[in-house]
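Okay, structure first, notes after.
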Protein chains: 2
Amino acid sequence: MAARENYRKIRYDIKKNDILENAAKMFSKKGFEKAALEDIAHELKMTKGSLYYYIKSKEDMLFQCIMRALKMTHDMMDEVEKLDLPPELRLQEVIVGHAKVLTTDFVVGVLRQQELLLPKHMRDAVIQERDRFEQRFLAIVKEGIQKGIFQKEDYKMKAYAILGALNWIPRWYSPEGKLSPEEIGRIMANYLIRGLLTLDKPGKK
Amino acid sequence: MAARENYRKIRYDIKKNDILENAAKMFSKKGFEKAALEDIAHELKMTKGSLYYYIKSKEDMLFQCIMRALKMTHDMMDEVEKLDLPPELRLQEVIVGHAKVLTTDFVVGVLRQQELLLPKHMRDAVIQERDRFEQRFLAIVKEGIQKGIFQKEDYKMKAYAILGALNWIPRWYSPEGKLSPEEIGRIMANYLIRGLLTLDKPGKK
């Protein structure tokens with residue numbers, strides 16, 4: 001019985017994942033307003049009724065897509081933190097990891113949508129998860145400052161500049177471009193971390 | 001007769017400006033889809049019919065708002081170029097100027113909208129103007145490289161990083177925050193230009 005429950009849960013998660021992937025594609029192609037639940041159901045060979053087993057409304061679908069995209073960034077952060085690196089290398093890996101997450105088809109599609117269209121309780125949940133990511137990112141910078149690796153001056157503005165540079169990638173990134181997301185991430189990390197470093201460490205540049 | 005024509009043109013431009021300012025506010029508050037021409041007309045004590053004298057449709061109104069926002073960035077660039085500064089200082093002033101333009105109520109309201117909702121010919125015109133700004137921005141960086149002030153390596157990615165850091169400002173900027181747009185721009189300029197400079201110029205940092 002427990003095994004069957006477990007199997008059901010796995011099947012549910014796989015199906016839901018499928019739905020969100022397709023929803024992101026549809027949103028990306030048509031925009032949120034013009035996307036229809038019927039089309040997504042049709043794409044997945046489901047009835048609109050069975051779709052409601054997984055998502056409550058079109059708003060809920062966009063909300064779940066955004067929350068999944070944010071979960072991807074948190075999962076990436078978890079992975080990097082497991083490596084137990086010093087702050088400057090951790091920041092580097094987080095920048096590269098964030099560049100990679102932000103260039104997945106799923107996240108590109110989701111980010112193009114206007115979360116302003118969501119009802120307030122959903123928007124609040126999105127903002128909370130985004131703030132949590134920002135706090136984790138800032139924590140790395142703060143640790144670097146404590147250890148004398150990063151400059152303290154204007155660190156918050158600089159962190160916002162880094163996040164902005166990264167968050168803007170989906171607006172110009174093309175999979176047909178010369179550079180891979182990993183390469184883009186490495187270049188941005190080198191460039192953006194250089195401006196954070198304290199000047200009295202000539203060994204680092 | 002010529003004077004009267006001229007007066008008419010000025011009055012037309014002032015009125016149109018008013019309309020676009022109000023449209024940006026409405027879009028910002030309600031989102032594009034929910035904003036209605038009637039509400040904007042009502043706000044301006046105009047009839048919907050007289051509104052059509054200035055704009056053709058809601059799409060046209062968003063389009064004109066976006067084009068006006070882009071014109072603001074080009075005007076800023078024109079002003080900076082008149083100062084005839086060396087590339088590193090010109091880049092600094094453009095970064096500060098862009099931070100200022102991006103934090104005006106008008107541009108914040110317009111940027112929150114999804115240009116994807118616009119018909120293709122309008123979208124193309126928007127992209128063209130945005131590309132033109134990007135090219136002008138890149139030209140400053142290229143001049144700096146030619147003069148040996150900026151590093152050539154990955155300059156395009158770095159320019160995209162700068163533009164991203166700036167373009168993201170409206171997403172977190174609050175007029176109630178501690179720093180003015182000018183101060184934010186100066187901090188970002190110092191930080192982001194530092195990473196561009198060639199290392200063999202110790203006088204510059």
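For the structure tokens, the naming scheme is as follows: chains receive sequential letters (A, B, ...) according to their order of presentation, residues are indexed from 1 within each chain, and ligands are indexed from 1 in presentation order.
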Worksheet entry | Near-B:Phe32 list (10 Å; only C-alpha atoms; drop same-chain fewer than 4 positions) as a ChimeraX atom specification | /A:117 /B:23-24,26-28,36,58-59,62,110,112-115,117
Residue subset to file, keeping C-alpha atoms, as a short mmCIF file (atom, residue, chain, number, x, y, z; two decimals), in the first residue's frame:
```cif
data_model
loop_
_atom_site.label_atom_id
_atom_site.label_comp_id
_atom_site.auth_asym_id
_atom_site.auth_seq_id
_atom_site.Cartn_x
_atom_site.Cartn_y
_atom_site.Cartn_z
CA LEU A 117 -0.73 39.43 -13.32
CA ALA B 23 -0.91 55.69 -19.76
CA ALA B 24 2.37 54.59 -18.13
CA MET B 26 -2.25 53.17 -15.61
CA PHE B 27 -0.21 50.32 -17.15
CA SER B 28 1.98 50.26 -14.07
CA ALA B 36 -8.64 50.57 -20.51
CA LYS B 58 -4.09 50.48 -26.62
CA GLU B 59 -1.22 48.65 -28.36
CA LEU B 62 2.09 51.04 -25.11
CA VAL B 110 6.64 51.28 -19.05
CA ARG B 112 7.02 46.54 -16.38
CA GLN B 113 4.92 45.94 -19.48
CA GLN B 114 5.38 43.09 -21.82
CA GLU B 115 6.38 44.28 -25.24
CA LEU B 117 2.03 41.78 -26.41
#
```
8 Å contacts from chain B to chain A using only C-alpha atoms, as a JSON list (two decimals) with C-alpha atoms, in the first residue's frame:
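This is the output file result_18.json:
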```json
[["chain", "number", "residue", "atom", "x", "y", "z"],
["B", 31, "GLY", "CA", -1.07, 45.94, -16.12],
["B", 33, "GLU", "CA", -4.31, 43.81, -20.28],
["B", 112, "ARG", "CA", 7.02, 46.54, -16.38],
["B", 113, "GLN", "CA", 4.92, 45.94, -19.48],
["B", 114, "GLN", "CA", 5.38, 43.09, -21.82],
["B", 116, "LEU", "CA", 5.67, 40.73, -26.41],
["B", 117, "LEU", "CA", 2.03, 41.78, -26.41],
["B", 154, "ASP", "CA", 35.28, 39.67, -23.55],
["B", 157, "MET", "CA", 29.93, 40.22, -22.49],
["B", 158, "LYS", "CA", 31.12, 42.87, -20.04],
["B", 160, "TYR", "CA", 26.02, 43.24, -21.60],
["B", 161, "ALA", "CA", 26.76, 42.76, -17.89],
["B", 162, "ILE", "CA", 26.79, 46.54, -17.39],
["B", 163, "LEU", "CA", 23.57, 47.04, -19.33],
["B", 164, "GLY", "CA", 21.95, 44.18, -17.39],
["B", 165, "ALA", "CA", 23.02, 45.60, -14.04],
["B", 166, "LEU", "CA", 21.48, 48.95, -15.08],
["B", 167, "ASN", "CA", 18.36, 47.60, -16.72],
["B", 168, "TRP", "CA", 17.60, 45.60, -13.58],
["B", 169, "ILE", "CA", 17.60, 48.72, -11.36],
["B", 184, "ILE", "CA", 23.31, 54.37, -7.43],
["B", 187, "ILE", "CA", 28.51, 53.39, -7.39],
["B", 188, "MET", "CA", 27.65, 51.09, -10.29],
["B", 191, "TYR", "CA", 32.39, 49.21, -9.72],
["B", 192, "LEU", "CA", 31.67, 48.18, -13.30],
["B", 194, "ARG", "CA", 36.99, 49.11, -12.62],
["B", 195, "GLY", "CA", 36.65, 45.62, -14.08],
["B", 196, "LEU", "CA", 37.06, 46.98, -17.62]]
```
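Using only C-alpha atoms, the shortest contact distance between B:Arg130 and any of B:Lys9, B:His74, B:His98, B:Arg4 is found at B:His74.
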Fill in: Residue list (alpha helix (DSSP H), DSSP) for chain B, as a PyMOL selection string
chain B and resi 2-30+37-43+48-51+58-82+87-102+105-111+120-146+155-167+169-172+181-194
Take the selection from the previous step and output its residues with C-alpha atoms, as a compact mmCIF listing (two decimals), in the first residue's frame.
```txt
# COMPACT_ATOMS: atom_id res chain seq x y z
CA ALA B 2 2.79 79.21 -39.82
CA ALA B 3 2.76 80.47 -36.24
CA ARG B 4 -0.68 78.99 -35.66
CA GLU B 5 0.45 75.65 -37.13
CA ASN B 6 3.46 75.74 -34.86
CA TYR B 7 1.31 76.50 -31.84
CA ARG B 8 -0.96 73.62 -32.73
CA LYS B 9 1.99 71.27 -32.99
CA ILE B 10 3.29 72.33 -29.57
CA ARG B 11 -0.14 71.91 -28.01
CA TYR B 12 -0.49 68.51 -29.66
CA ASP B 13 2.89 67.38 -28.30
CA ILE B 14 2.10 68.58 -24.79
CA LYS B 15 -1.23 66.79 -24.80
CA LYS B 16 0.30 63.62 -26.19
CA ASN B 17 2.99 63.73 -23.54
CA ASP B 18 0.27 64.01 -20.90
CA ILE B 19 -1.51 61.03 -22.38
CA LEU B 20 1.61 58.87 -22.41
CA GLU B 21 2.52 59.84 -18.83
CA ASN B 22 -0.95 58.86 -17.69
CA ALA B 23 -0.91 55.69 -19.76
CA ALA B 24 2.37 54.59 -18.13
CA LYS B 25 0.83 55.16 -14.70
CA MET B 26 -2.25 53.17 -15.61
CA PHE B 27 -0.21 50.32 -17.15
CA SER B 28 1.98 50.26 -14.07
CA LYS B 29 -1.01 50.09 -11.73
CA LYS B 30 -3.30 47.73 -13.62
CA LEU B 37 -8.52 53.53 -22.88
CA GLU B 38 -11.73 54.78 -21.24
CA ASP B 39 -9.99 55.07 -17.86
CA ILE B 40 -7.09 57.01 -19.35
CA ALA B 41 -9.48 59.32 -21.21
CA HIS B 42 -11.47 59.82 -17.99
CA GLU B 43 -8.31 60.60 -16.00
CA LYS B 48 -12.37 58.29 -25.83
CA GLY B 49 -12.99 59.76 -29.28
CA SER B 50 -10.64 62.69 -28.77
CA LEU B 51 -8.03 60.29 -27.38
CA LYS B 58 -4.09 50.48 -26.62
CA GLU B 59 -1.22 48.65 -28.36
CA ASP B 60 -0.22 51.90 -30.05
CA MET B 61 -0.27 53.61 -26.66
CA LEU B 62 2.09 51.04 -25.11
CA PHE B 63 4.25 51.22 -28.23
CA GLN B 64 4.49 55.02 -28.04
CA CYS B 65 5.29 54.80 -24.33
CA ILE B 66 8.14 52.36 -24.99
CA MET B 67 9.46 54.47 -27.87
CA ARG B 68 9.35 57.56 -25.67
CA ALA B 69 11.30 55.72 -22.95
CA LEU B 70 13.90 54.71 -25.54
CA LYS B 71 14.05 58.29 -26.83
CA MET B 72 14.85 59.39 -23.28
CA THR B 73 17.88 57.07 -23.22
CA HIS B 74 19.04 58.35 -26.64
CA ASP B 75 18.57 61.98 -25.58
CA MET B 76 20.64 61.27 -22.47
CA MET B 77 23.35 59.71 -24.65
CA ASP B 78 23.28 62.81 -26.93
CA GLU B 79 23.77 65.08 -23.92
CA VAL B 80 26.72 63.06 -22.63
CA GLU B 81 28.33 62.96 -26.06
CA LYS B 82 28.16 66.76 -26.28
CA PRO B 87 35.76 57.16 -23.15
CA GLU B 88 36.11 56.11 -19.49
CA LEU B 89 34.43 59.30 -18.27
CA ARG B 90 31.86 59.16 -21.06
CA LEU B 91 31.02 55.61 -20.04
CA GLN B 92 30.71 56.76 -16.44
CA GLU B 93 28.28 59.54 -17.34
CA VAL B 94 26.24 57.25 -19.58
CA ILE B 95 25.95 54.70 -16.75
CA VAL B 96 24.83 57.42 -14.32
CA GLY B 97 22.48 58.93 -16.92
CA HIS B 98 20.97 55.55 -17.73
CA ALA B 99 20.42 54.84 -14.01
CA LYS B 100 18.58 58.17 -13.79
CA VAL B 101 16.37 57.56 -16.82
CA LEU B 102 15.54 54.02 -15.66
CA ASP B 105 8.27 56.90 -12.77
CA PHE B 106 7.49 56.90 -16.46
CA VAL B 107 10.18 54.42 -17.46
CA VAL B 108 9.58 52.16 -14.43
CA GLY B 109 5.91 51.95 -15.39
CA VAL B 110 6.64 51.28 -19.05
CA LEU B 111 9.35 48.69 -18.44
CA LYS B 120 5.29 42.42 -34.80
CA HIS B 121 5.90 45.70 -36.67
CA MET B 122 5.82 47.59 -33.38
CA ARG B 123 8.06 45.05 -31.65
CA ASP B 124 10.53 45.31 -34.51
CA ALA B 125 10.68 49.10 -34.16
CA VAL B 126 11.28 48.74 -30.39
CA ILE B 127 14.06 46.21 -30.93
CA GLN B 128 15.68 48.44 -33.55
CA GLU B 129 15.79 51.43 -31.20
CA ARG B 130 17.09 49.29 -28.36
CA ASP B 131 19.79 47.80 -30.58
CA ARG B 132 20.77 51.31 -31.63
CA PHE B 133 21.25 52.25 -27.98
CA GLU B 134 23.27 49.08 -27.38
CA GLN B 135 25.48 49.92 -30.38
CA ARG B 136 26.10 53.44 -29.12
CA PHE B 137 26.99 52.00 -25.71
CA LEU B 138 29.33 49.43 -27.25
CA ALA B 139 30.96 52.17 -29.36
CA ILE B 140 32.15 53.90 -26.17
CA VAL B 141 33.65 50.66 -24.88
CA LYS B 142 35.32 50.02 -28.24
CA GLU B 143 36.82 53.50 -28.27
CA GLY B 144 38.20 52.84 -24.80
CA ILE B 145 39.78 49.62 -26.06
CA GLN B 146 41.34 51.40 -29.04
CA TYR B 155 34.32 43.32 -23.88
CA LYS B 156 30.95 42.50 -25.36
CA MET B 157 29.93 40.22 -22.49
CA LYS B 158 31.12 42.87 -20.04
CA ALA B 159 29.07 45.53 -21.82
CA TYR B 160 26.02 43.24 -21.60
CA ALA B 161 26.76 42.76 -17.89
CA ILE B 162 26.79 46.54 -17.39
CA LEU B 163 23.57 47.04 -19.33
CA GLY B 164 21.95 44.18 -17.39
CA ALA B 165 23.02 45.60 -14.04
CA LEU B 166 21.48 48.95 -15.08
CA ASN B 167 18.36 47.60 -16.72
CA ILE B 169 17.60 48.72 -11.36
CA PRO B 170 13.86 49.44 -11.90
CA ARG B 171 13.13 46.00 -10.47
CA TRP B 172 14.47 46.84 -7.03
CA PRO B 181 19.47 57.36 -8.74
CA GLU B 182 22.58 59.54 -9.21
CA GLU B 183 24.33 57.84 -6.26
CA ILE B 184 23.31 54.37 -7.43
CA GLY B 185 24.64 55.24 -10.90
CA ARG B 186 27.97 56.52 -9.52
CA ILE B 187 28.51 53.39 -7.39
CA MET B 188 27.65 51.09 -10.29
CA ALA B 189 29.87 53.08 -12.66
CA ASN B 190 32.89 52.89 -10.33
CA TYR B 191 32.39 49.21 -9.72
CA LEU B 192 31.67 48.18 -13.30
CA ILE B 193 34.30 50.36 -15.00
CA ARG B 194 36.99 49.11 -12.62
```
Response to the item:
Between atom CA of B:Gly148 and atom CA of A:Gln151 lies a distance of 26.5 Å
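In this structure, atom CA of B:Leu83 sits 21.4 Å away from atom CA of B:Leu197.
What separates atom CA of A:Ala35 from atom CA of A:Pro119 is a distance of 17.4 Å.
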